[in-house]
Protein chains: 2
Amino acid sequence: MQQIKNIVLIGAGNVATQLGFALQNAGFHIVQVYSRTQLSAETLSKELSADFTLSINEISQQADWYIISLTDEATLEICNKLSLQGKLVVHTSGSLSMDILKNVSSHYGVFYPLQTFSKSREIEFSTIPICIEANSIGLLESLQYIGNKISNDVRLINSKQRKILHLAAVFACNFSNFMYSISSEILKNANLDFNMLKPLILETAEKVQHIDPKNAQTGPAIRGDQKIMEQHLELLKEKKELYDLYKFISDQLKTSNQ
Amino acid sequence: MQQIKNIVLIGAGNVATQLGFALQNAGFHIVQVYSRTQLSAETLSKELSADFTLSINEISQQADWYIISLTDEATLEICNKLSLQGKLVVHTSGSLSMDILKNVSSHYGVFYPLQTFSKSREIEFSTIPICIEANSIGLLESLQYIGNKISNDVRLINSKQRKILHLAAVFACNFSNFMYSISSEILKNANLDFNMLKPLILETAEKVQHIDPKNAQTGPAIRGDQKIMEQHLELLKEKKELYDLYKFISDQLKTSNQ
């Protein structure tokens with residue numbers, strides 16, 4: 001198994017930031033941060049006491065491990081320009097195949113932490129599933145070793161499975177958050193306080209830590225309570241988009257119960 | 001302010017059960033449980049060391065406070081049959097007006113805990129908003145007093161506001177849970193483990209305890225990442241309903257950002 005100590009972070013966004021903190025706390029050394037955006041590069045490199053560069057050509061060739069943590073588009077773009085032969089190179093994307101890295105290095109893989117990250121919100125990594133994939137057993141062992149340093153839940157997930165996980169995560173996270181957003185908007189329009197919904201939102205998420213979400217489903221649609229649904233649609237009649245969304249989701253919810 | 005000590009619970013469902021426990025823990029005395037379902041009535045009355053009845057005519061006239069916690073339909077039905085003159089009577093519904101109780105007693109109001117309840121999951125009440133409404137100041141003070149015994153967040157909310165809160169709660173809770181359900185189904189169909197999404201679900205809910213959900217929004221739709229969305233739709237093409245739902249929500253999410 002290859003010795004991993006020095007890391008270059010290619011990217012300074014939400015994932016790179018939180019992963020950088022977690023790896024540094026686990027004893028790894030972030031030697032350099034690359035970003036196209038000076039402010040991001042400067043900020044993160046300062047926080048990690050690392051160097052930074054804005055130029056692909058100045059990415060250090062002295063590190064052991066290179067983590068590409070950019071948008072999918074930027075990841076694809078940089079793969080055409082980057083050569084890190086002999087180095088371990090991974091990306092952190094949920095939706096890109098591992099093989100996009102094959103021209104960057106002969107040692108490549110994926111290190112995908114399944115979580116929603118913000119720069120400003122430090123994350124406890126120990127429970128986050130880290131999905132790993134690599135083009136050799138030796139590398140897979142390295143990624144397993146590194147993953148275990150920051151999380152108790154490191155799993156071998158191939159590119160196809162990872163795409164499905166990412167799709168499921170869109171429903172579980174992005175679409176749920178959009179539902180929170182709509183609820184916030186509905187309250188704002190009536191001068192009501194979104195704080196009132198916070199315990200409900202938290203309990204809804206905590207419930208499915210213990211109960212299958214199908215069994216945790218409550219509300220007028222699953223009960224088939226037509227009267228309440230009509231009342232709700234009446235309240236939404238001035239907001240065509242919300243009206244349609246309420247109706248669309250409720251109809252699907254009813255069907256899912258049949 | 002009227003002295004409240006003895007309570008009759010009319011209903012033995014999720015809300016009645018958890019509210020019964022909370023009030024008993026706060027020192028109130030549940031003297032009787034009414035339910036149409038023998039098993040529910042027996043189970044809850046036993047847990048609360050109370051009597052129970054299955055007959056509306058045998059509901060005790062000796063208590064101070066009557067809490068009607070049934071489905072909306074059953075609440076409306078029982079209001080036509082019940083007479084509790086001189087007693088304080090409330091319902092716990094998010095969507096029914098206070099005035100449906102006016103023939104039951106001349107002292108009536110609403111005591112609506114804004115949370116999702118299950119019988120089997122005991123709930124910490126202290127952070128739950130209790131929405132109160134009453135037909136007199138004296139009763140309002142009584143409800144405020146009782147509410148404060150179990151929660152730190154008792155609020156005066158009129159019937160119109162309560163209906164809007166309930167609508168917002170459908171998005172924040174019922175529809176979010178439906179999104180969890182779909183993510184679980186997607187993983188099940190691919191033999192992947194739903195446990196992998198649990199930290200993500202929890203963090204998504206925890207994030208909006210501190211950040212406006214609009215600012216917490218992440219994912220392909222808000223970024224306008226057409227390529228990933230197409231990949232996701234391709235994965236869903238055999239499941240027409242999920243395909244349509246993904247597309248419908250993503251389109252709205254994109255629009256919400258404009």
# chains A, B, ... in the order shown; residues from 1 in each chain; ligands from 1
>>> closest_atom_pairs(of="region 170-249 of chain A", to="region 161-166 of chain A", cutoff="10 Å", atoms="only C-alpha atoms", output="JSON lines")
{"residue": "A:Val170", "atom": "CA", "partner": "A:His166", "partner_atom": "CA", "distance": 6.4}
{"residue": "A:Phe171", "atom": "CA", "partner": "A:His166", "partner_atom": "CA", "distance": 9.0}
{"residue": "A:Ala172", "atom": "CA", "partner": "A:His166", "partner_atom": "CA", "distance": 9.7}
>>> write_last_selection(atoms="N, CA, C and O atoms", output="tab-separated table (two decimals), in the first residue's frame")
chain	number	residue	atom	x	y	z
A	170	VAL	N	-30.43	13.40	-4.63
A	170	VAL	CA	-31.15	14.59	-5.13
A	170	VAL	C	-32.56	14.63	-4.52
A	170	VAL	O	-33.01	15.67	-4.05
A	171	PHE	N	-33.24	13.49	-4.50
A	171	PHE	CA	-34.55	13.46	-3.86
A	171	PHE	C	-34.44	13.71	-2.35
A	171	PHE	O	-35.13	14.57	-1.80
A	172	ALA	N	-33.53	12.98	-1.69
A	172	ALA	CA	-33.45	13.01	-0.23
A	172	ALA	C	-32.98	14.37	0.30
A	172	ALA	O	-33.41	14.81	1.36
>>> select_by_dssp(residues="region 193-239 of chain B", states="helix (DSSP H, G or I)", output="MDAnalysis selection string")
chainID B and resid 194:207 213:216 220:223 226:235
>>> write_last_selection(atoms="N, CA and C atoms", output="compact mmCIF listing (two decimals), in the first residue's frame")
# COMPACT_ATOMS: atom_id res chain seq x y z
N PHE B 194 -30.27 2.03 2.17
CA PHE B 194 -30.84 3.33 2.53
C PHE B 194 -30.09 3.99 3.70
N ASN B 195 -29.44 3.18 4.53
CA ASN B 195 -28.65 3.77 5.63
C ASN B 195 -27.63 4.79 5.12
N MET B 196 -27.19 4.61 3.88
CA MET B 196 -26.19 5.52 3.33
C MET B 196 -26.72 6.95 3.21
N LEU B 197 -28.04 7.10 3.10
CA LEU B 197 -28.60 8.45 2.94
C LEU B 197 -28.96 9.11 4.27
N LYS B 198 -28.93 8.36 5.35
CA LYS B 198 -29.43 8.91 6.63
C LYS B 198 -28.66 10.14 7.12
N PRO B 199 -27.30 10.09 7.09
CA PRO B 199 -26.60 11.31 7.53
C PRO B 199 -26.92 12.52 6.65
N LEU B 200 -27.13 12.28 5.36
CA LEU B 200 -27.46 13.36 4.43
C LEU B 200 -28.83 13.96 4.76
N ILE B 201 -29.80 13.10 5.02
CA ILE B 201 -31.15 13.56 5.35
C ILE B 201 -31.12 14.41 6.62
N LEU B 202 -30.38 13.92 7.61
CA LEU B 202 -30.31 14.64 8.88
C LEU B 202 -29.62 15.98 8.72
N GLU B 203 -28.52 16.00 7.99
CA GLU B 203 -27.78 17.25 7.80
C GLU B 203 -28.61 18.26 7.01
N THR B 204 -29.37 17.80 6.03
CA THR B 204 -30.22 18.70 5.24
C THR B 204 -31.22 19.40 6.15
N ALA B 205 -31.77 18.66 7.09
CA ALA B 205 -32.73 19.23 8.04
C ALA B 205 -32.04 20.12 9.08
N GLU B 206 -30.84 19.71 9.48
CA GLU B 206 -30.13 20.50 10.49
C GLU B 206 -29.64 21.83 9.92
N LYS B 207 -29.27 21.78 8.65
CA LYS B 207 -28.77 22.99 8.00
C LYS B 207 -29.79 24.13 8.08
N PRO B 213 -33.55 28.17 3.99
CA PRO B 213 -33.52 27.06 3.02
C PRO B 213 -33.20 27.50 1.59
N LYS B 214 -33.59 28.70 1.25
CA LYS B 214 -33.27 29.19 -0.11
C LYS B 214 -31.75 29.27 -0.30
N ASN B 215 -31.05 29.69 0.74
CA ASN B 215 -29.59 29.77 0.65
C ASN B 215 -28.91 28.42 0.83
N ALA B 216 -29.65 27.46 1.37
CA ALA B 216 -29.07 26.13 1.58
C ALA B 216 -29.25 25.23 0.36
N PRO B 220 -28.08 19.71 -8.82
CA PRO B 220 -28.00 20.01 -10.25
C PRO B 220 -29.04 21.03 -10.74
N ALA B 221 -30.26 20.97 -10.23
CA ALA B 221 -31.31 21.86 -10.77
C ALA B 221 -31.00 23.32 -10.48
N ILE B 222 -30.58 23.61 -9.26
CA ILE B 222 -30.32 25.02 -8.90
C ILE B 222 -29.06 25.52 -9.60
N ARG B 223 -28.13 24.61 -9.87
CA ARG B 223 -26.92 25.00 -10.62
C ARG B 223 -27.19 25.06 -12.12
N GLN B 226 -27.49 20.79 -16.65
CA GLN B 226 -28.35 20.04 -17.56
C GLN B 226 -27.85 18.62 -17.78
N LYS B 227 -26.54 18.47 -17.80
CA LYS B 227 -25.95 17.16 -18.11
C LYS B 227 -26.31 16.13 -17.04
N ILE B 228 -26.17 16.53 -15.77
CA ILE B 228 -26.51 15.59 -14.69
C ILE B 228 -28.00 15.31 -14.69
N MET B 229 -28.81 16.36 -14.90
CA MET B 229 -30.26 16.13 -14.90
C MET B 229 -30.65 15.14 -16.00
N GLU B 230 -30.01 15.27 -17.16
CA GLU B 230 -30.32 14.32 -18.24
C GLU B 230 -29.90 12.90 -17.87
N GLN B 231 -28.75 12.81 -17.20
CA GLN B 231 -28.28 11.49 -16.75
C GLN B 231 -29.30 10.88 -15.77
N HIS B 232 -29.80 11.73 -14.85
CA HIS B 232 -30.77 11.24 -13.86
C HIS B 232 -32.07 10.82 -14.53
N LEU B 233 -32.53 11.62 -15.49
CA LEU B 233 -33.77 11.27 -16.19
C LEU B 233 -33.60 9.96 -16.96
N GLU B 234 -32.42 9.78 -17.52
CA GLU B 234 -32.11 8.52 -18.23
C GLU B 234 -32.24 7.33 -17.26
N LEU B 235 -31.75 7.51 -16.03
CA LEU B 235 -31.85 6.43 -15.03
C LEU B 235 -33.31 6.15 -14.64
>>> closest_residue(among="A:Gln18, A:Gly86, A:Thr71, A:Leu143", to="chain B", atoms="only C-alpha atoms")
A:Thr71
>>> atom_distance(atom1="CA of Asn174 (chain A)", atom2="CA of Thr116 (chain A)")
9.0 Å
>>> atom_distance(atom1="CA of Gln217 (chain A)", atom2="CA of Phe111 (chain B)")
23.0 Å
>>> residues_around(residues="Glu241 (chain A)", least_positions_apart="6", cutoff="12 Å", atoms="only C-alpha atoms", output="VMD selection string")
(chain A and resid 182 233 247 to 248) or (chain B and resid 248 to 249 251 to 253 255 to 256)
>>> closest_residue(among="A:Ile68, A:Ala26, A:Leu96, A:Leu54", to="chain B", atoms="only C-alpha atoms")
A:Leu96
>>> residues_around(residues="Lys46 (chain B)", least_positions_apart="3", cutoff="12 Å", atoms="only C-alpha atoms", output="ChimeraX atom specification")
/B:12,17,20-21,30-33,38-43,49-52
>>> atom_distance(atom1="CA of Arg155 (chain B)", atom2="CA of Ser106 (chain B)")
22.2 Å
>>> select_by_dssp(residues="region 18-185 of chain A", states="strand (DSSP E or B)", output="ChimeraX atom specification")
/A:29-34,51-53,65-68,88-91,107-113,118,121,130-134,154-156
>>> write_last_selection(atoms="N, CA and C atoms", output="compact mmCIF listing (two decimals), in the first residue's frame")
# COMPACT_ATOMS: atom_id res chain seq x y z
N HIS A 29 -1.37 16.09 5.41
CA HIS A 29 -0.78 17.41 5.19
C HIS A 29 -1.25 17.95 3.84
N ILE A 30 -2.05 19.02 3.87
CA ILE A 30 -2.47 19.63 2.61
C ILE A 30 -1.37 20.61 2.21
N VAL A 31 -0.68 20.30 1.12
CA VAL A 31 0.47 21.13 0.76
C VAL A 31 0.08 22.28 -0.17
N GLN A 32 -0.98 22.09 -0.95
CA GLN A 32 -1.32 23.11 -1.94
C GLN A 32 -2.82 23.06 -2.27
N VAL A 33 -3.36 24.25 -2.55
CA VAL A 33 -4.75 24.34 -3.00
C VAL A 33 -4.75 25.01 -4.38
N TYR A 34 -5.42 24.38 -5.35
CA TYR A 34 -5.61 25.02 -6.65
C TYR A 34 -7.06 25.45 -6.78
N ASP A 51 0.07 26.22 0.54
CA ASP A 51 0.28 27.13 -0.58
C ASP A 51 -0.95 27.14 -1.46
N PHE A 52 -1.00 28.12 -2.38
CA PHE A 52 -2.08 28.03 -3.36
C PHE A 52 -1.57 28.44 -4.73
N THR A 53 -2.29 27.99 -5.75
CA THR A 53 -1.98 28.44 -7.11
C THR A 53 -3.26 28.62 -7.90
N TRP A 65 -0.97 12.60 -3.20
CA TRP A 65 -2.37 12.36 -3.52
C TRP A 65 -3.01 13.65 -4.02
N TYR A 66 -3.78 13.55 -5.10
CA TYR A 66 -4.43 14.71 -5.72
C TYR A 66 -5.94 14.49 -5.71
N ILE A 67 -6.64 15.42 -5.07
CA ILE A 67 -8.09 15.29 -4.98
C ILE A 67 -8.72 16.37 -5.85
N ILE A 68 -9.39 15.94 -6.92
CA ILE A 68 -10.07 16.90 -7.80
C ILE A 68 -11.51 17.07 -7.32
N LEU A 88 -1.33 9.35 -7.19
CA LEU A 88 -2.70 8.89 -6.96
C LEU A 88 -3.65 10.07 -7.17
N VAL A 89 -4.59 9.91 -8.10
CA VAL A 89 -5.53 10.99 -8.42
C VAL A 89 -6.96 10.49 -8.25
N VAL A 90 -7.75 11.24 -7.51
CA VAL A 90 -9.17 10.87 -7.37
C VAL A 90 -10.05 12.10 -7.65
N HIS A 91 -11.30 11.85 -8.02
CA HIS A 91 -12.26 12.94 -8.01
C HIS A 91 -13.34 12.63 -6.96
N HIS A 107 -2.85 5.76 -11.87
CA HIS A 107 -3.41 5.38 -10.57
C HIS A 107 -4.57 6.29 -10.25
N TYR A 108 -5.76 5.84 -10.50
CA TYR A 108 -6.88 6.76 -10.32
C TYR A 108 -8.08 6.09 -9.65
N GLY A 109 -8.91 6.93 -9.09
CA GLY A 109 -10.07 6.38 -8.39
C GLY A 109 -11.05 7.49 -8.02
N VAL A 110 -11.98 7.12 -7.16
CA VAL A 110 -13.01 8.06 -6.72
C VAL A 110 -13.09 8.04 -5.20
N PHE A 111 -13.30 9.20 -4.63
CA PHE A 111 -13.42 9.34 -3.17
C PHE A 111 -14.61 10.29 -2.96
N TYR A 112 -15.81 9.71 -2.86
CA TYR A 112 -17.05 10.50 -2.89
C TYR A 112 -17.73 10.49 -1.51
N PRO A 113 -17.65 11.60 -0.79
CA PRO A 113 -18.33 11.65 0.51
C PRO A 113 -19.80 12.03 0.27
N SER A 118 -21.39 22.86 3.01
CA SER A 118 -21.29 24.30 2.82
C SER A 118 -19.91 24.70 3.35
N ARG A 121 -20.05 25.66 7.22
CA ARG A 121 -20.63 24.77 8.21
C ARG A 121 -19.74 23.54 8.36
N ILE A 130 -18.30 7.22 2.86
CA ILE A 130 -17.32 7.57 1.84
C ILE A 130 -17.35 6.45 0.80
N CYS A 131 -17.71 6.81 -0.44
CA CYS A 131 -17.81 5.82 -1.50
C CYS A 131 -16.50 5.80 -2.27
N ILE A 132 -15.82 4.67 -2.25
CA ILE A 132 -14.52 4.60 -2.92
C ILE A 132 -14.56 3.62 -4.10
N GLU A 133 -13.71 3.93 -5.05
CA GLU A 133 -13.57 3.11 -6.25
C GLU A 133 -12.15 3.37 -6.76
N ALA A 134 -11.48 2.37 -7.32
CA ALA A 134 -10.11 2.59 -7.81
C ALA A 134 -9.80 1.62 -8.93
N VAL A 154 -16.84 3.52 5.25
CA VAL A 154 -16.21 3.56 3.92
C VAL A 154 -16.72 2.36 3.12
N ARG A 155 -17.23 2.63 1.92
CA ARG A 155 -17.84 1.54 1.15
C ARG A 155 -17.31 1.50 -0.29
N LEU A 156 -17.14 0.28 -0.80
CA LEU A 156 -16.80 0.09 -2.21
C LEU A 156 -18.05 0.28 -3.05
>>> closest_residue(among="B:Val8, B:Asn135, B:Leu70, B:Ile78", to="Ser45 (chain B)", atoms="only C-alpha atoms")
B:Val8
